[in-house]
Amino acid sequence: MNRSKAYSGWIIAALAATTLCAAGPAAAEWALDFPASATELGGKIRGLHHTALIICVVIGVIVFGVLGYSLMKFRKSQGAQPAKFSHSTKAEVIWTVIPVLILVGLAIPSARVLIEMEDTQSADLRVVVTGYQWKWRYEYPDHGISFFSNMTEESKAAAIVGAGHELHEHYLRDVDNPMVVPAGRKVKLQLTSNDVIHAWWIPDLYVKRDAVPGTINETWFEVGEPGVYRGQCAELCGRGHGFMPIVVEALPPEEFDAWAAAQTMAGSSETALKTASVAVASGPNAQ
């Protein structure tokens, strides 16, 4: 008896704690719908979701409506008598043909969107993304640009003291070197990993793809408007999983071209300086 009371007490305490947590600040960001997309493809995915949801709701209302009506109208207390037939060919044809038409109607636009999601051809920019514990590396092979992207020290400090958004606006979602892309151009991503499985995910761009060691996965996106878009690793990659955010900065095409030229020039200068240092160190007077 005492044990039963103890279990009941623990259950009540757990329910109370859950209620308090749900009523806290985190509940303010809870939403029912997918986020609005910054890409045209993301808008198609969202629209496809809405279409399927509406169809499912209509089917549910019809099915449960007919079921409720039948239970109330043809119940035994009202003198209803069971039918004498064993089957109805007409009814069987109807309940087979209608679902097939619905599924075909959903399959055609779904297949179109899926094919478009996997079409990485004719890209204007290629970026190689490599996941590390716990940071990202971005390489632009066509521009000779390569850099690491780490969480900023300010965001780390907010995580350590537990102040969250009160101390840092982009709590756990700010980096020192964001991925820079041109708005209005198709960007192809080639993802891999240096250690364990990671996942590159930005909800506003409707992009999520695993980064697997020894494998190159591809995806793409095209940002419609310039802006800053944030995401994070969506794979449990170790104790630092929550500390490898993703930030994409979409610039107007002319500003991106200027940024890429500056980065390329800076990289060339750094390479020349290293080459000169090695030459001096290996000269005739080197020890």
# chains A, B, ... in the order shown; residues from 1 in each chain; ligands from 1
$ residues_around --residues "stretch 225-232 of chain A" --least-positions-apart "2" --cutoff "9 Å" --atoms "only C-alpha atoms" --output "ChimeraX atom specification"
/A:38-39,172-174,182-184,199-205,223,234,241-252
$ write_last_selection --atoms "N, CA and C atoms" --output "PDB file, in the first residue's frame"
ATOM      1  N   ALA A  38      12.826  30.152 -47.226  1.00  0.00           N
ATOM      2  CA  ALA A  38      13.542  31.199 -47.946  1.00  0.00           C
ATOM      3  C   ALA A  38      13.907  30.757 -49.354  1.00  0.00           C
ATOM      4  N   THR A  39      13.507  29.543 -49.733  1.00  0.00           N
ATOM      5  CA  THR A  39      13.809  29.020 -51.062  1.00  0.00           C
ATOM      6  C   THR A  39      12.520  28.630 -51.779  1.00  0.00           C
ATOM      7  N   LEU A 172      23.865  29.712 -28.814  1.00  0.00           N
ATOM      8  CA  LEU A 172      24.315  28.449 -29.400  1.00  0.00           C
ATOM      9  C   LEU A 172      24.154  28.399 -30.915  1.00  0.00           C
ATOM     10  N   ARG A 173      23.920  29.547 -31.565  1.00  0.00           N
ATOM     11  CA  ARG A 173      23.685  29.525 -33.011  1.00  0.00           C
ATOM     12  C   ARG A 173      24.439  30.651 -33.710  1.00  0.00           C
ATOM     13  N   ASP A 174      25.612  30.975 -33.212  1.00  0.00           N
ATOM     14  CA  ASP A 174      26.423  32.013 -33.821  1.00  0.00           C
ATOM     15  C   ASP A 174      27.817  31.461 -34.095  1.00  0.00           C
ATOM     16  N   PRO A 182      25.846  33.355 -52.775  1.00  0.00           N
ATOM     17  CA  PRO A 182      25.126  34.403 -53.500  1.00  0.00           C
ATOM     18  C   PRO A 182      23.620  34.121 -53.523  1.00  0.00           C
ATOM     19  N   ALA A 183      22.836  35.125 -53.261  1.00  0.00           N
ATOM     20  CA  ALA A 183      21.383  34.977 -53.353  1.00  0.00           C
ATOM     21  C   ALA A 183      20.972  34.888 -54.817  1.00  0.00           C
ATOM     22  N   GLY A 184      19.956  34.076 -55.086  1.00  0.00           N
ATOM     23  CA  GLY A 184      19.464  33.939 -56.447  1.00  0.00           C
ATOM     24  C   GLY A 184      20.289  33.022 -57.325  1.00  0.00           C
ATOM     25  N   ALA A 199      25.097  15.989 -39.393  1.00  0.00           N
ATOM     26  CA  ALA A 199      23.994  16.309 -40.297  1.00  0.00           C
ATOM     27  C   ALA A 199      23.895  17.824 -40.435  1.00  0.00           C
ATOM     28  N   TRP A 200      23.977  18.306 -41.657  1.00  0.00           N
ATOM     29  CA  TRP A 200      23.924  19.743 -41.958  1.00  0.00           C
ATOM     30  C   TRP A 200      22.467  20.127 -42.175  1.00  0.00           C
ATOM     31  N   TRP A 201      21.935  20.989 -41.311  1.00  0.00           N
ATOM     32  CA  TRP A 201      20.487  21.251 -41.311  1.00  0.00           C
ATOM     33  C   TRP A 201      20.205  22.724 -41.070  1.00  0.00           C
ATOM     34  N   ILE A 202      19.474  23.330 -41.998  1.00  0.00           N
ATOM     35  CA  ILE A 202      18.980  24.699 -41.830  1.00  0.00           C
ATOM     36  C   ILE A 202      17.485  24.685 -42.155  1.00  0.00           C
ATOM     37  N   PRO A 203      16.627  24.826 -41.135  1.00  0.00           N
ATOM     38  CA  PRO A 203      15.176  24.731 -41.360  1.00  0.00           C
ATOM     39  C   PRO A 203      14.640  25.742 -42.368  1.00  0.00           C
ATOM     40  N   ASP A 204      15.110  26.996 -42.324  1.00  0.00           N
ATOM     41  CA  ASP A 204      14.584  28.029 -43.210  1.00  0.00           C
ATOM     42  C   ASP A 204      14.894  27.761 -44.674  1.00  0.00           C
ATOM     43  N   LEU A 205      15.927  26.984 -44.946  1.00  0.00           N
ATOM     44  CA  LEU A 205      16.282  26.641 -46.326  1.00  0.00           C
ATOM     45  C   LEU A 205      15.745  25.280 -46.743  1.00  0.00           C
ATOM     46  N   VAL A 223      18.842  30.445 -52.329  1.00  0.00           N
ATOM     47  CA  VAL A 223      18.207  31.418 -51.451  1.00  0.00           C
ATOM     48  C   VAL A 223      17.597  32.537 -52.293  1.00  0.00           C
ATOM     49  N   ALA A 234      22.195  18.097 -36.873  1.00  0.00           N
ATOM     50  CA  ALA A 234      20.990  17.383 -36.481  1.00  0.00           C
ATOM     51  C   ALA A 234      21.254  15.915 -36.194  1.00  0.00           C
ATOM     52  N   HIS A 241      27.799  17.979 -29.403  1.00  0.00           N
ATOM     53  CA  HIS A 241      26.819  18.033 -30.491  1.00  0.00           C
ATOM     54  C   HIS A 241      26.092  19.373 -30.552  1.00  0.00           C
ATOM     55  N   GLY A 242      25.753  19.924 -29.405  1.00  0.00           N
ATOM     56  CA  GLY A 242      24.989  21.171 -29.387  1.00  0.00           C
ATOM     57  C   GLY A 242      25.828  22.411 -29.607  1.00  0.00           C
ATOM     58  N   PHE A 243      27.129  22.240 -29.911  1.00  0.00           N
ATOM     59  CA  PHE A 243      28.032  23.377 -30.018  1.00  0.00           C
ATOM     60  C   PHE A 243      28.669  23.473 -31.402  1.00  0.00           C
ATOM     61  N   MET A 244      27.958  23.025 -32.439  1.00  0.00           N
ATOM     62  CA  MET A 244      28.458  23.189 -33.813  1.00  0.00           C
ATOM     63  C   MET A 244      27.333  23.736 -34.698  1.00  0.00           C
ATOM     64  N   PRO A 245      26.998  25.016 -34.489  1.00  0.00           N
ATOM     65  CA  PRO A 245      25.919  25.626 -35.267  1.00  0.00           C
ATOM     66  C   PRO A 245      26.312  25.868 -36.716  1.00  0.00           C
ATOM     67  N   ILE A 246      25.316  26.194 -37.514  1.00  0.00           N
ATOM     68  CA  ILE A 246      25.504  26.480 -38.935  1.00  0.00           C
ATOM     69  C   ILE A 246      24.904  27.846 -39.224  1.00  0.00           C
ATOM     70  N   VAL A 247      25.657  28.685 -39.902  1.00  0.00           N
ATOM     71  CA  VAL A 247      25.161  29.996 -40.307  1.00  0.00           C
ATOM     72  C   VAL A 247      25.478  30.191 -41.785  1.00  0.00           C
ATOM     73  N   VAL A 248      24.461  30.513 -42.557  1.00  0.00           N
ATOM     74  CA  VAL A 248      24.618  30.816 -43.975  1.00  0.00           C
ATOM     75  C   VAL A 248      24.265  32.282 -44.197  1.00  0.00           C
ATOM     76  N   GLU A 249      25.180  33.022 -44.783  1.00  0.00           N
ATOM     77  CA  GLU A 249      24.945  34.430 -45.104  1.00  0.00           C
ATOM     78  C   GLU A 249      24.801  34.559 -46.619  1.00  0.00           C
ATOM     79  N   ALA A 250      23.594  34.910 -47.056  1.00  0.00           N
ATOM     80  CA  ALA A 250      23.326  35.081 -48.479  1.00  0.00           C
ATOM     81  C   ALA A 250      23.507  36.548 -48.851  1.00  0.00           C
ATOM     82  N   LEU A 251      24.415  36.811 -49.786  1.00  0.00           N
ATOM     83  CA  LEU A 251      24.713  38.167 -50.223  1.00  0.00           C
ATOM     84  C   LEU A 251      24.184  38.389 -51.644  1.00  0.00           C
ATOM     85  N   PRO A 252      23.930  39.628 -52.018  1.00  0.00           N
ATOM     86  CA  PRO A 252      23.648  39.899 -53.429  1.00  0.00           C
ATOM     87  C   PRO A 252      24.810  39.405 -54.285  1.00  0.00           C
TER      88      PRO A 252
END
$ select_by_dssp --residues "stretch 27-276 of chain A" --states "helix (DSSP H, G or I)" --output "VMD selection string"
chain A and resid 27 to 29 40 to 73 76 to 78 89 to 118 153 to 161 164 to 166 203 to 205 241 to 243 253 to 276
$ write_last_selection --atoms "C-alpha atoms" --output "compact mmCIF listing (two decimals), in the first residue's frame"
# COMPACT_ATOMS: atom_id res chain seq x y z
CA ALA A 27 6.70 27.04 -24.97
CA ALA A 28 6.66 30.51 -26.57
CA GLU A 29 8.51 29.20 -29.65
CA GLU A 40 11.39 28.27 -53.88
CA LEU A 41 11.90 24.52 -53.45
CA GLY A 42 11.14 24.81 -49.74
CA GLY A 43 7.89 26.57 -50.62
CA LYS A 44 6.94 23.64 -52.85
CA ILE A 45 7.69 21.17 -50.04
CA ARG A 46 5.60 23.21 -47.60
CA GLY A 47 2.75 23.47 -50.09
CA LEU A 48 2.87 19.72 -50.69
CA HIS A 49 2.65 19.14 -46.95
CA HIS A 50 -0.39 21.44 -46.69
CA THR A 51 -2.11 19.67 -49.59
CA ALA A 52 -1.58 16.22 -48.05
CA LEU A 53 -2.69 17.47 -44.64
CA ILE A 54 -5.92 18.94 -46.03
CA ILE A 55 -6.73 15.71 -47.90
CA CYS A 56 -6.09 13.63 -44.76
CA VAL A 57 -8.27 15.92 -42.65
CA VAL A 58 -11.12 15.77 -45.18
CA ILE A 59 -10.89 11.97 -45.35
CA GLY A 60 -10.85 11.74 -41.56
CA VAL A 61 -13.89 13.99 -41.20
CA ILE A 62 -15.83 12.00 -43.81
CA VAL A 63 -14.90 8.57 -42.44
CA PHE A 64 -15.50 9.35 -38.79
CA GLY A 65 -18.59 11.38 -39.66
CA VAL A 66 -20.15 8.42 -41.51
CA LEU A 67 -19.06 6.09 -38.71
CA GLY A 68 -20.65 8.27 -36.02
CA TYR A 69 -23.83 8.71 -38.03
CA SER A 70 -24.10 4.94 -38.61
CA LEU A 71 -23.58 4.17 -34.92
CA MET A 72 -26.30 6.59 -33.88
CA LYS A 73 -28.80 5.99 -36.70
CA LYS A 76 -30.10 -1.83 -31.98
CA SER A 77 -32.17 0.31 -29.63
CA GLN A 78 -33.72 1.99 -32.67
CA THR A 89 -19.33 -5.40 -55.61
CA LYS A 90 -20.27 -1.75 -56.12
CA ALA A 91 -19.07 -0.75 -52.64
CA GLU A 92 -15.83 -2.72 -53.02
CA VAL A 93 -15.07 -1.01 -56.34
CA ILE A 94 -15.77 2.43 -54.83
CA TRP A 95 -13.61 1.96 -51.73
CA THR A 96 -10.78 0.62 -53.92
CA VAL A 97 -10.86 3.14 -56.78
CA ILE A 98 -11.18 6.29 -54.65
CA PRO A 99 -8.09 5.60 -52.45
CA VAL A 100 -6.07 4.67 -55.56
CA LEU A 101 -7.00 7.97 -57.23
CA ILE A 102 -6.08 9.89 -54.07
CA LEU A 103 -2.70 8.15 -53.79
CA VAL A 104 -1.91 8.72 -57.47
CA GLY A 105 -2.93 12.36 -57.11
CA LEU A 106 -0.46 12.73 -54.22
CA ALA A 107 2.28 10.60 -55.79
CA ILE A 108 2.67 12.69 -58.96
CA PRO A 109 3.48 16.07 -57.32
CA SER A 110 5.49 14.30 -54.60
CA ALA A 111 7.66 12.57 -57.21
CA ARG A 112 8.22 15.86 -59.02
CA VAL A 113 9.40 17.58 -55.84
CA LEU A 114 11.62 14.62 -54.85
CA ILE A 115 13.27 14.60 -58.27
CA GLU A 116 13.88 18.35 -58.04
CA MET A 117 15.34 17.97 -54.54
CA GLU A 118 17.95 15.51 -55.84
CA GLU A 153 33.31 32.56 -27.80
CA GLU A 154 30.38 34.77 -26.77
CA SER A 155 27.90 32.01 -27.52
CA LYS A 156 30.06 29.48 -25.65
CA ALA A 157 30.17 31.81 -22.64
CA ALA A 158 26.36 32.05 -22.65
CA ALA A 159 26.18 28.24 -22.66
CA ILE A 160 28.65 27.91 -19.77
CA VAL A 161 26.87 30.32 -17.43
CA GLY A 164 20.94 31.59 -22.80
CA HIS A 165 19.14 34.29 -24.79
CA GLU A 166 19.46 36.75 -21.92
CA PRO A 203 15.18 24.73 -41.36
CA ASP A 204 14.58 28.03 -43.21
CA LEU A 205 16.28 26.64 -46.33
CA HIS A 241 26.82 18.03 -30.49
CA GLY A 242 24.99 21.17 -29.39
CA PHE A 243 28.03 23.38 -30.02
CA PRO A 253 25.61 38.34 -56.33
CA GLU A 254 27.90 41.34 -56.82
CA GLU A 255 28.75 41.46 -53.09
CA PHE A 256 29.45 37.72 -53.08
CA ASP A 257 31.79 38.09 -56.06
CA ALA A 258 33.67 40.83 -54.21
CA TRP A 259 33.86 38.67 -51.07
CA ALA A 260 35.13 35.66 -53.04
CA ALA A 261 37.77 37.79 -54.78
CA ALA A 262 38.97 39.19 -51.44
CA GLN A 263 39.11 35.72 -49.88
CA THR A 264 40.99 34.32 -52.87
CA MET A 265 43.51 37.16 -52.74
CA ALA A 266 43.99 36.72 -48.99
CA GLY A 267 44.52 32.98 -49.46
CA SER A 268 47.08 33.58 -52.22
CA SER A 269 48.97 36.06 -50.03
CA GLU A 270 49.04 33.62 -47.13
CA THR A 271 50.30 30.83 -49.38
CA ALA A 272 53.03 33.06 -50.80
CA LEU A 273 54.11 34.07 -47.29
CA LYS A 274 54.33 30.43 -46.17
CA THR A 275 56.32 29.53 -49.30
CA ALA A 276 58.74 32.38 -48.65
$ closest_residue --among "A:Lys186, A:Tyr171, A:Lys84, A:His143" --to "A:Trp220" --atoms "only C-alpha atoms"
A:Lys186
$ atom_distance --atom1 "atom CA of A:Leu125" --atom2 "atom CA of A:Pro178"
15.9 Å
$ atom_distance --atom1 "atom CA of A:Glu139" --atom2 "atom CA of A:Pro35"
28.5 Å
$ atom_distance --atom1 "atom CA of A:Tyr140" --atom2 "atom CA of A:Thr215"
18.4 Å
$ residues_around --residues "A:Ala211" --least-positions-apart "6" --cutoff "9 Å" --atoms "only C-alpha atoms" --output "number ranges by chain"
A: 129-131, 190-194, 196-200, 217
